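Written out below as structure tokens is the structure these notes cover.
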Amino acid sequence: MKGIKFDFTNMFYPNIEKGIKYEDINGYKNKMEKIISEILEEEPGFVKLLKNTKYLDKILDIQEWIQSFDNFVVLGIGGSALGNIALQTTLNPLNYNNMNNRKTPKIFIVDNVDPDFVASVLDQIDPHTTLFNVISKSGTTAEAMSNYLIARGIIESYGLDPKKHLIFTTDPENGILRKIAKEEGIETLEIPPEVGGRFSVLTPVGLLSALAGGIDVIDLLNGAKSMLEKVSNKNIYENPAALNALLHFLYYKNGYNISVMMPYSNKLFLLADWYRQLWAESLGKKYNINGEVVNVGQTPVKALGATDQHSQVQLYNEGPDDKIITLIKLEKFERDIKIPKVHEEYSALSYLGGKTLSELLNTELFGTEYALTEHGKPNMKIIFPEINAFNVGQFFFVYEFQTAIMGKLLEIDAYDQPGVELGKKVTYALMGREGYEEFAKEVKEKVEKKEKFIL
Ligand SMILES: O=P(O)(O)OC[C@H]1O[C@H](O)[C@H](O)[C@@H](O)[C@@H]1O
């Protein structure tokens, strides 16, 4: 069977002591059937986009142009960067780290306004041979916009034509980027308006830099489409998104407030970073759909195997019963390294000699899985037979769908993020944005009045 697999064995009783029972799941059969039907009927943007080839066609049209550059620099943050980073580190890691003899541009993703970080990227690129892809759904985000202004300033200071070194990815109608693009004729790709940032990896947001880096975007989308078929199954025991969402929900109700994602593969590690935004912003909500205060959410945490066995697993095994751990196993690594046999006097090391690193890593994964289960901690496993665009596309989509289901189970709106607004507003006010003068005053006064405690 092609694609990724889900192993839920250690989520269930009696395999783990405090495990969810099949009866618990059975009790939700009808409800889950209804939820799946509802989502398929509502067809949220991230589902709908798989049926529309226009976004893919558009980027394929400009493939030659974007690949003619030496450097491709994404300027975006949150949903306008995390999917891109996950794609590059997973499917194009050597290029992303600038280590290979490339035929495609080097990809940089600038998702912060840390001046040391931004400067270090700028140090590495020659503006003459660089294309900057400014990505912002809203076209207002301070980080993306300030980095855009910096890039633009550099382009202009070199006497280069902005049209030849900029491409925008933004809303089809709204936002300042769209306005600039219209006025100046800058090439611009559309983010479907009904697709929120954290669900947009399979739109031009993620696809363009993926294509620039030589990733098979068609296979990526094929993976997502095959997963759509799988998660459309109304039988919860055959639907990984539904079963996973329900298990997370039932554990959450029992006090399991944390969801750890722990890939045993450096290449797959930053999929967990993408997942963190998806799970956190979609499900962490103060109000439910009826306007009642509920303060729900499950904290997503990322960990790397085997590295974090030596940092986090003590807590996972013996700490509070508040975590569900999703291990990610890679069956076939692209490369492997054999551990040399040792001189017989070092008998304590002889068990390693002749084995491979992948064997060791996956045995460690098994060890963690076994230990977690013995300690009664719910854990599951996603298995990647290998890393390819199809499997990664499946991964993105199954989690998007699972998040939509979890949103329904929690009875919240999984597609908004009102909780991020206040911090943004303060930044606007204190950075002197027009219209925020009164608010700036209010903030300053409030802070001044505070009883200080600084050591
Ligand atoms: O794509 P943008 O509109 O620039 O948004 C980038 C990010 O900004 C916000 O803070 C939201 O919380 C994120 O969900 C979003 O992905």
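Following the order of the structure tokens, first chain is A, next is B, and so on, with residues numbered from 1 inside each chain and ligands from 1 in the order they appear.
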
Residues flagged strand (DSSP E or B) by DSSP in segment 228-331 of chain A, as number ranges by chain | A: 258-263, 285-287, 293-296, 299-302, 323-331

Atoms kept (N, CA and C atoms) for selection, written as a compact mmCIF listing (two decimals), in the first residue's frame:
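Below is the file that was written, out_13.txt:
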```
# COMPACT_ATOMS: atom_id res chain seq x y z
N ILE A 258 -1.48 18.06 26.23
CA ILE A 258 -0.28 18.27 25.40
C ILE A 258 -0.20 17.20 24.32
N SER A 259 0.13 17.65 23.11
CA SER A 259 0.31 16.70 22.01
C SER A 259 1.73 16.85 21.48
N VAL A 260 2.52 15.85 21.73
CA VAL A 260 3.93 15.89 21.29
C VAL A 260 4.06 15.22 19.94
N MET A 261 4.76 15.86 19.03
CA MET A 261 5.08 15.20 17.77
C MET A 261 6.60 15.00 17.72
N MET A 262 7.00 13.76 17.55
CA MET A 262 8.42 13.43 17.68
C MET A 262 8.91 12.60 16.50
N PRO A 263 9.33 13.28 15.44
CA PRO A 263 9.89 12.52 14.31
C PRO A 263 11.28 11.96 14.65
N LYS A 285 -8.80 28.19 21.73
CA LYS A 285 -9.84 29.24 21.61
C LYS A 285 -10.50 29.54 22.94
N LYS A 286 -10.83 30.80 23.11
CA LYS A 286 -11.54 31.22 24.33
C LYS A 286 -13.03 30.90 24.23
N TYR A 287 -13.61 31.16 23.08
CA TYR A 287 -15.07 30.99 22.93
C TYR A 287 -15.40 29.79 22.05
N VAL A 293 -17.61 31.09 26.96
CA VAL A 293 -16.18 31.00 27.27
C VAL A 293 -15.84 29.55 27.60
N VAL A 294 -14.90 28.99 26.83
CA VAL A 294 -14.53 27.59 27.07
C VAL A 294 -13.02 27.42 27.30
N ASN A 295 -12.22 28.32 26.79
CA ASN A 295 -10.76 28.24 26.92
C ASN A 295 -10.22 26.84 26.63
N VAL A 296 -10.37 26.39 25.41
CA VAL A 296 -9.90 25.05 25.05
C VAL A 296 -8.59 25.13 24.26
N THR A 299 -1.85 21.80 23.76
CA THR A 299 -0.56 22.42 23.42
C THR A 299 0.30 21.48 22.58
N PRO A 300 0.62 21.88 21.36
CA PRO A 300 1.49 21.03 20.53
C PRO A 300 2.96 21.28 20.87
N VAL A 301 3.69 20.21 20.95
CA VAL A 301 5.11 20.30 21.31
C VAL A 301 5.89 19.51 20.27
N LYS A 302 7.06 20.00 19.90
CA LYS A 302 7.86 19.19 18.96
C LYS A 302 9.09 18.64 19.67
N LYS A 323 0.12 13.98 28.33
CA LYS A 323 0.66 14.05 26.98
C LYS A 323 0.27 12.85 26.12
N ILE A 324 0.00 13.16 24.86
CA ILE A 324 -0.13 12.10 23.86
C ILE A 324 1.10 12.27 22.98
N ILE A 325 1.78 11.19 22.68
CA ILE A 325 3.00 11.32 21.90
C ILE A 325 2.85 10.65 20.54
N THR A 326 3.07 11.44 19.50
CA THR A 326 3.03 10.90 18.14
C THR A 326 4.46 10.77 17.65
N LEU A 327 4.89 9.54 17.50
CA LEU A 327 6.24 9.29 16.98
C LEU A 327 6.14 9.22 15.46
N ILE A 328 7.17 9.68 14.78
CA ILE A 328 7.17 9.52 13.32
C ILE A 328 8.38 8.69 12.94
N LYS A 329 8.07 7.60 12.27
CA LYS A 329 9.14 6.68 11.90
C LYS A 329 9.40 6.74 10.39
N LEU A 330 10.66 6.82 10.04
CA LEU A 330 11.04 6.74 8.62
C LEU A 330 11.64 5.36 8.39
N GLU A 331 11.04 4.61 7.46
CA GLU A 331 11.54 3.24 7.24
C GLU A 331 12.80 3.22 6.41
```

Would you kindly return, as a list in words, each protein, DNA or RNA residue with an atom no farther than 9 Å from any atom of Ile135 of chain A, considering only C-alpha atoms and excluding same-chain residues fewer than 3 positions away?
-> Val74, Leu75, Gly76, Ile77, Ser80, Ala81, Gly139, Ala144, Ile167, Phe168, Thr169, Thr170, Leu177 and Val205 of chain A

Could those residues be written to a file, using C-alpha atoms, as an mmCIF file, in the first residue's frame?
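Written file, out_24.cif:
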```cif
data_model
loop_
_atom_site.group_PDB
_atom_site.id
_atom_site.type_symbol
_atom_site.label_atom_id
_atom_site.label_comp_id
_atom_site.auth_asym_id
_atom_site.auth_seq_id
_atom_site.Cartn_x
_atom_site.Cartn_y
_atom_site.Cartn_z
ATOM 1 C CA VAL A 74 10.722 33.822 0.797
ATOM 2 C CA LEU A 75 9.667 36.725 2.993
ATOM 3 C CA GLY A 76 6.727 35.652 5.132
ATOM 4 C CA ILE A 77 5.829 34.437 8.612
ATOM 5 C CA SER A 80 3.223 32.085 5.034
ATOM 6 C CA ALA A 81 6.499 30.415 5.997
ATOM 7 C CA GLY A 139 -0.772 41.860 3.080
ATOM 8 C CA ALA A 144 6.687 40.263 6.148
ATOM 9 C CA ILE A 167 6.906 38.119 -6.886
ATOM 10 C CA PHE A 168 4.021 38.450 -4.447
ATOM 11 C CA THR A 169 1.737 35.753 -3.088
ATOM 12 C CA THR A 170 -1.347 37.298 -1.535
ATOM 13 C CA LEU A 177 0.628 43.924 -1.643
ATOM 14 C CA VAL A 205 2.115 29.897 -0.641
#
```

Could you state the separation of atom CA of Thr53 of chain A and atom CA of Tyr399 of chain A in Å, given to one decimal place?
-> 21.7 Å

Leu228 of chain A: which residues within 12 Å, counting only C-alpha atoms, same-chain residues fewer than 4 positions away excluded, as a PyMOL selection string?
-> chain A and resi 36+39-40+43+46-51+221-224+232-233+239-242+393-402

Grab the atom CA of Asn288 of chain A to atom CA of Leu82 of chain A distance for me, in Å with one decimal place.
-> 26.8 Å

Within 9 Å of Leu208 of chain A, counting only C-alpha atoms, which residues qualify if same-chain residues fewer than 4 places away don't, as JSON, numbers by chain?
-> {"A": [56, 59, 60, 63, 66, 84, 133, 203, 204, 212, 213, 217]}

Go through the chains and note each residue within 8 Å of ligand 1, using only C-alpha atoms and all ligand atoms, then give the set as a list of chain:residue names.
-> A:Gly76, A:Ile77, A:Gly78, A:Gly79, A:Ser80, A:Ala81, A:Ile135, A:Ser136, A:Lys137, A:Ser138, A:Gly139, A:Thr140, A:Thr141, A:Ala142, A:Glu143, A:Ala144, A:Thr170, A:Gly196, A:Gly197, A:Arg198, A:Gln277, A:Glu281, A:Asp416, A:Gln417, A:Val420, A:Glu421, A:Lys424

Export of prior selection with N, CA, C and O atoms as a tab-separated table (two decimals), in the first residue's frame:
```tsv
chain	number	residue	atom	x	y	z
A	76	GLY	N	8.06	35.92	4.61
A	76	GLY	CA	6.73	35.65	5.13
A	76	GLY	C	6.87	35.10	6.54
A	76	GLY	O	7.99	34.82	7.00
A	77	ILE	N	5.76	34.93	7.22
A	77	ILE	CA	5.83	34.44	8.61
A	77	ILE	C	4.59	33.60	8.90
A	77	ILE	O	3.57	33.72	8.20
A	78	GLY	N	4.67	32.75	9.91
A	78	GLY	CA	3.51	31.91	10.28
A	78	GLY	C	3.11	31.01	9.13
A	78	GLY	O	3.95	30.34	8.52
A	79	GLY	N	1.83	31.05	8.81
A	79	GLY	CA	1.33	30.20	7.72
A	79	GLY	C	1.94	30.55	6.38
A	79	GLY	O	1.87	29.77	5.43
A	80	SER	N	2.57	31.71	6.28
A	80	SER	CA	3.22	32.08	5.03
A	80	SER	C	4.70	31.70	5.03
A	80	SER	O	5.46	32.18	4.18
A	81	ALA	N	5.10	30.86	5.96
A	81	ALA	CA	6.50	30.41	6.00
A	81	ALA	C	6.68	28.98	6.49
A	81	ALA	O	7.52	28.24	5.97
A	135	ILE	N	5.30	36.80	0.75
A	135	ILE	CA	4.05	36.06	0.96
A	135	ILE	C	3.31	36.64	2.16
A	135	ILE	O	3.86	36.69	3.27
A	136	SER	N	2.10	37.07	1.92
A	136	SER	CA	1.26	37.49	3.04
A	136	SER	C	-0.19	37.45	2.59
A	136	SER	O	-0.57	38.11	1.64
A	137	LYS	N	-0.96	36.64	3.29
A	137	LYS	CA	-2.38	36.52	2.98
A	137	LYS	C	-3.06	37.87	3.15
A	137	LYS	O	-3.78	38.34	2.29
A	138	SER	N	-2.80	38.47	4.32
A	138	SER	CA	-3.47	39.73	4.64
A	138	SER	C	-2.80	40.92	3.95
A	138	SER	O	-3.42	41.94	3.72
A	139	GLY	N	-1.52	40.75	3.64
A	139	GLY	CA	-0.77	41.86	3.08
A	139	GLY	C	-0.55	42.98	4.08
A	139	GLY	O	-0.32	44.12	3.70
A	140	THR	N	-0.61	42.65	5.37
A	140	THR	CA	-0.41	43.70	6.37
A	140	THR	C	0.61	43.30	7.44
A	140	THR	O	1.04	44.15	8.22
A	141	THR	N	0.98	42.05	7.49
A	141	THR	CA	1.81	41.55	8.59
A	141	THR	C	3.14	42.32	8.68
A	141	THR	O	3.90	42.38	7.69
A	142	ALA	N	3.39	42.86	9.86
A	142	ALA	CA	4.54	43.77	10.04
A	142	ALA	C	5.87	43.11	9.65
A	142	ALA	O	6.72	43.74	9.01
A	143	GLU	N	6.03	41.85	10.02
A	143	GLU	CA	7.33	41.19	9.78
A	143	GLU	C	7.56	41.02	8.26
A	143	GLU	O	8.62	41.35	7.74
A	144	ALA	N	6.54	40.48	7.59
A	144	ALA	CA	6.69	40.26	6.15
A	144	ALA	C	6.85	41.60	5.42
A	144	ALA	O	7.67	41.72	4.50
A	170	THR	N	-0.43	36.61	-2.45
A	170	THR	CA	-1.35	37.30	-1.53
A	170	THR	C	-2.80	37.11	-1.94
A	170	THR	O	-3.10	36.38	-2.91
A	196	GLY	N	-7.14	29.77	4.98
A	196	GLY	CA	-6.38	30.50	6.01
A	196	GLY	C	-4.91	30.16	5.93
A	196	GLY	O	-4.54	29.09	5.43
A	197	GLY	N	-4.07	31.05	6.43
A	197	GLY	CA	-2.62	30.89	6.33
A	197	GLY	C	-2.11	29.51	6.72
A	197	GLY	O	-1.36	28.87	5.98
A	198	ARG	N	-2.53	29.02	7.88
A	198	ARG	CA	-1.96	27.75	8.36
A	198	ARG	C	-2.47	26.54	7.57
A	198	ARG	O	-1.97	25.44	7.74
A	277	GLN	N	1.75	25.16	14.55
A	277	GLN	CA	0.89	26.32	14.28
A	277	GLN	C	-0.55	25.86	14.00
A	277	GLN	O	-1.52	26.44	14.49
A	281	GLU	N	-3.09	27.31	16.74
A	281	GLU	CA	-3.94	28.45	16.35
A	281	GLU	C	-5.36	28.02	16.02
A	281	GLU	O	-6.30	28.78	16.22
A	416	ASP	N	-10.27	30.73	12.69
A	416	ASP	CA	-9.92	32.12	13.03
A	416	ASP	C	-8.78	32.14	14.06
A	416	ASP	O	-8.34	31.08	14.53
A	417	GLN	N	-8.28	33.32	14.38
A	417	GLN	CA	-7.22	33.43	15.39
A	417	GLN	C	-7.30	34.81	16.07
A	417	GLN	O	-6.34	35.57	16.03
A	420	VAL	N	-4.49	36.55	18.43
A	420	VAL	CA	-3.19	37.13	18.06
A	420	VAL	C	-3.30	38.64	17.81
A	420	VAL	O	-2.30	39.33	17.63
A	421	GLU	N	-4.52	39.15	17.80
A	421	GLU	CA	-4.72	40.54	17.38
A	421	GLU	C	-4.17	41.58	18.35
A	421	GLU	O	-3.57	42.57	17.93
A	424	LYS	N	-0.54	42.33	18.09
A	424	LYS	CA	-0.26	43.03	16.82
A	424	LYS	C	-0.63	44.50	16.94
A	424	LYS	O	0.09	45.38	16.48
```

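As for atom CA of Met380 of chain A and atom CA of Glu411 of chain A, they are spaced 24.7 Å apart.
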